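Asks: One structure follows; several queries about it will come next.
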Amino acid sequence: RNAMGSLKLSRSEGGEIAGPMGRSSVLGFFTGVLPGAGATIGSFLGYSMEKRIAKDGDTFGKGNIKGVAAPEAANNPACTGSFVPLLTLGVPGSGTTAVLLGALLVMGVSPGPAMLVDRPDVFWGVIASMYIGNIMLLVLNLPLIPYIAKILEMPRPLLLSLILIFCMVGVYGMSFSIIDLLFLLGFGLLGLGMRLFGFPAAPLILALILGAIMEESMRRALQISGGDWMVFIDKAISMWLVIIAA
């Protein structure tokens with residue numbers, strides 16, 4: 001068990017994580033822009049990408065500083081990116097922005113393209129709050145890091161048991177259904193199998209979240225176009241999006 005050291009990064013450590021932080025920040029932002037993805041998916045993708053790129057990827061999870069920097073660097077811009085579809089299209093990019101969307105509607109504010117013209121005070125207020133929030137997080141979190149890190153000193157069986165219990169209570173509390181607990185068990189075993197055979201979990205999670213949304217949007221687009229599939233590539237931007245996705 002390693003002792004708690006200084007919170008300051010050395011010059012060599014800063015140079016070592018500069019690349020992973022830059023790549024994961026860009027990836028995290030564009031992941032956050034995807035409706036329904038959110039920061040968790042961004043962290044998974046950032047970690048998976050950097051583990052594949054790094055020459056010492058087999059040491060991730062064993063103290064490699066890049067394995068810590070990559071998901072954390074992807075996490076923050078993903079939160080910011082989730083506000084892009086909310087403020088420009090009125091579509092929440094994550095669970096948090098979905099709650100914020102409800103709060104804005106209660107206030108009589110309709111997020112969308114006209115928001116910048118109709119309610120610039122709210123639009124720029126939300127952006128300013130991001131800067132203030134990041135400063136407050138920095139002030140609050142730095143002194144608490146040594147205490148938060150003590151969670152890792154808990155015995156691993158006890159920590160994993162608590163996580164499993166909290167997951168089961170949360171799932172059962174949503175619908176009070178035993179079937180949901182069986183789904184939890186099934187997907188837990190699926191995740192374990194994927195980890196054992198080296199398959200990344202982030203694409204599957206992203207597919208489960210966005211799959212239904214994409215199918216519904218595709219059916220709506222086909223209904224509007226009368227069944228014409230060319231609606232997906234009749235404009236330059238839609239054609240390029242299809243090419244990039246492919």
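FYI, nothing fancy with the structure tokens labels: chains A, B, ... in order, residues from 1 per chain, ligands from 1 as they appear.
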Hey, what's within 12 Å of segment 51-55 of chain A if we count only C-alpha atoms and toss same-chain stuff fewer than 2 positions away? As number ranges by chain, please?
Replies: A: 16-17, 19-20, 23-24, 44-49, 57-61, 64-71, 198-200
Asks: Please, which residues of segment 31-228 of chain A, numbered as in this document, come out helix (DSSP H, G or I) from DSSP, as a PyMOL selection string?
Replies: chain A and resi 31-33+38-53+57-59+65-81+83-89+95-106+115-118+120-153+156-175+178-196+202-225
Asks: When you draw a straight line from atom CA of Val99 of chain A to atom CA of Val169 of chain A, how long is it in Å?
Replies: 22.1 Å
Asks: If you count only C-alpha atoms, which residues fall within 10 Å of Pro85 of chain A, apart from same-chain ones fewer than 2 positions away, as a list in words?
Replies: Gly32, Val33, Leu34, Pro35, Gly81, Ser82, Phe83, Leu87, Thr88, Leu89, Gly90, Val91, Pro92, Gly93, Ser94, Thr97, Pro111, Gly112 and Pro113 of chain A
Asks: Store the residues picked out above in a file with N, CA, C and O atoms, as a short mmCIF file (atom, residue, chain, number, x, y, z; two decimals), in the first residue's frame.
Replies:
```cif
data_model
loop_
_atom_site.label_atom_id
_atom_site.label_comp_id
_atom_site.auth_asym_id
_atom_site.auth_seq_id
_atom_site.Cartn_x
_atom_site.Cartn_y
_atom_site.Cartn_z
N GLY A 32 -19.77 14.25 -24.87
CA GLY A 32 -20.80 14.96 -24.12
C GLY A 32 -21.84 15.59 -25.02
O GLY A 32 -23.00 15.73 -24.63
N VAL A 33 -21.43 15.97 -26.23
CA VAL A 33 -22.39 16.57 -27.18
C VAL A 33 -23.44 15.56 -27.61
O VAL A 33 -24.58 15.93 -27.91
N LEU A 34 -23.09 14.26 -27.63
CA LEU A 34 -24.06 13.24 -28.01
C LEU A 34 -25.19 13.18 -26.99
O LEU A 34 -24.94 13.04 -25.79
N PRO A 35 -26.43 13.30 -27.40
CA PRO A 35 -27.54 13.24 -26.45
C PRO A 35 -27.58 11.91 -25.72
O PRO A 35 -27.57 10.85 -26.34
N GLY A 81 -19.83 19.64 -22.62
CA GLY A 81 -20.38 19.35 -23.94
C GLY A 81 -21.85 18.97 -23.90
O GLY A 81 -22.58 19.20 -24.88
N SER A 82 -22.31 18.40 -22.78
CA SER A 82 -23.72 18.00 -22.69
C SER A 82 -24.65 19.20 -22.69
O SER A 82 -25.85 19.06 -22.94
N PHE A 83 -24.10 20.40 -22.43
CA PHE A 83 -24.92 21.61 -22.48
C PHE A 83 -25.14 22.10 -23.91
O PHE A 83 -26.04 22.91 -24.15
N LEU A 87 -28.70 23.73 -24.93
CA LEU A 87 -28.88 25.16 -25.17
C LEU A 87 -29.16 25.48 -26.64
O LEU A 87 -29.78 26.51 -26.93
N THR A 88 -28.71 24.62 -27.55
CA THR A 88 -28.89 24.92 -28.97
C THR A 88 -30.09 24.22 -29.60
O THR A 88 -30.70 24.75 -30.54
N LEU A 89 -30.41 23.02 -29.09
CA LEU A 89 -31.50 22.24 -29.69
C LEU A 89 -32.64 21.96 -28.72
O LEU A 89 -33.69 21.47 -29.13
N GLY A 90 -32.41 22.20 -27.43
CA GLY A 90 -33.42 21.87 -26.43
C GLY A 90 -33.47 20.39 -26.12
O GLY A 90 -34.46 19.90 -25.58
N VAL A 91 -32.38 19.66 -26.44
CA VAL A 91 -32.30 18.22 -26.19
C VAL A 91 -31.28 17.99 -25.08
O VAL A 91 -30.13 18.38 -25.23
N PRO A 92 -31.66 17.38 -23.97
CA PRO A 92 -30.70 17.17 -22.89
C PRO A 92 -29.61 16.19 -23.30
O PRO A 92 -29.88 15.16 -23.90
N GLY A 93 -28.36 16.51 -22.94
CA GLY A 93 -27.24 15.66 -23.29
C GLY A 93 -26.91 14.64 -22.22
O GLY A 93 -26.09 13.75 -22.45
N SER A 94 -27.52 14.76 -21.04
CA SER A 94 -27.24 13.83 -19.94
C SER A 94 -28.40 13.89 -18.96
O SER A 94 -29.33 14.69 -19.12
N THR A 97 -28.51 17.42 -17.33
CA THR A 97 -29.09 18.46 -18.17
C THR A 97 -30.58 18.22 -18.41
O THR A 97 -31.32 19.15 -18.71
N PRO A 111 -35.26 26.25 -24.02
CA PRO A 111 -33.94 26.12 -24.65
C PRO A 111 -34.07 25.78 -26.12
O PRO A 111 -34.93 25.00 -26.52
N GLY A 112 -33.21 26.36 -26.93
CA GLY A 112 -33.24 26.11 -28.35
C GLY A 112 -32.51 27.19 -29.11
O GLY A 112 -31.86 28.05 -28.50
N PRO A 113 -32.61 27.19 -30.44
CA PRO A 113 -31.87 28.17 -31.24
C PRO A 113 -32.22 29.62 -30.91
O PRO A 113 -31.37 30.50 -31.04
#
```
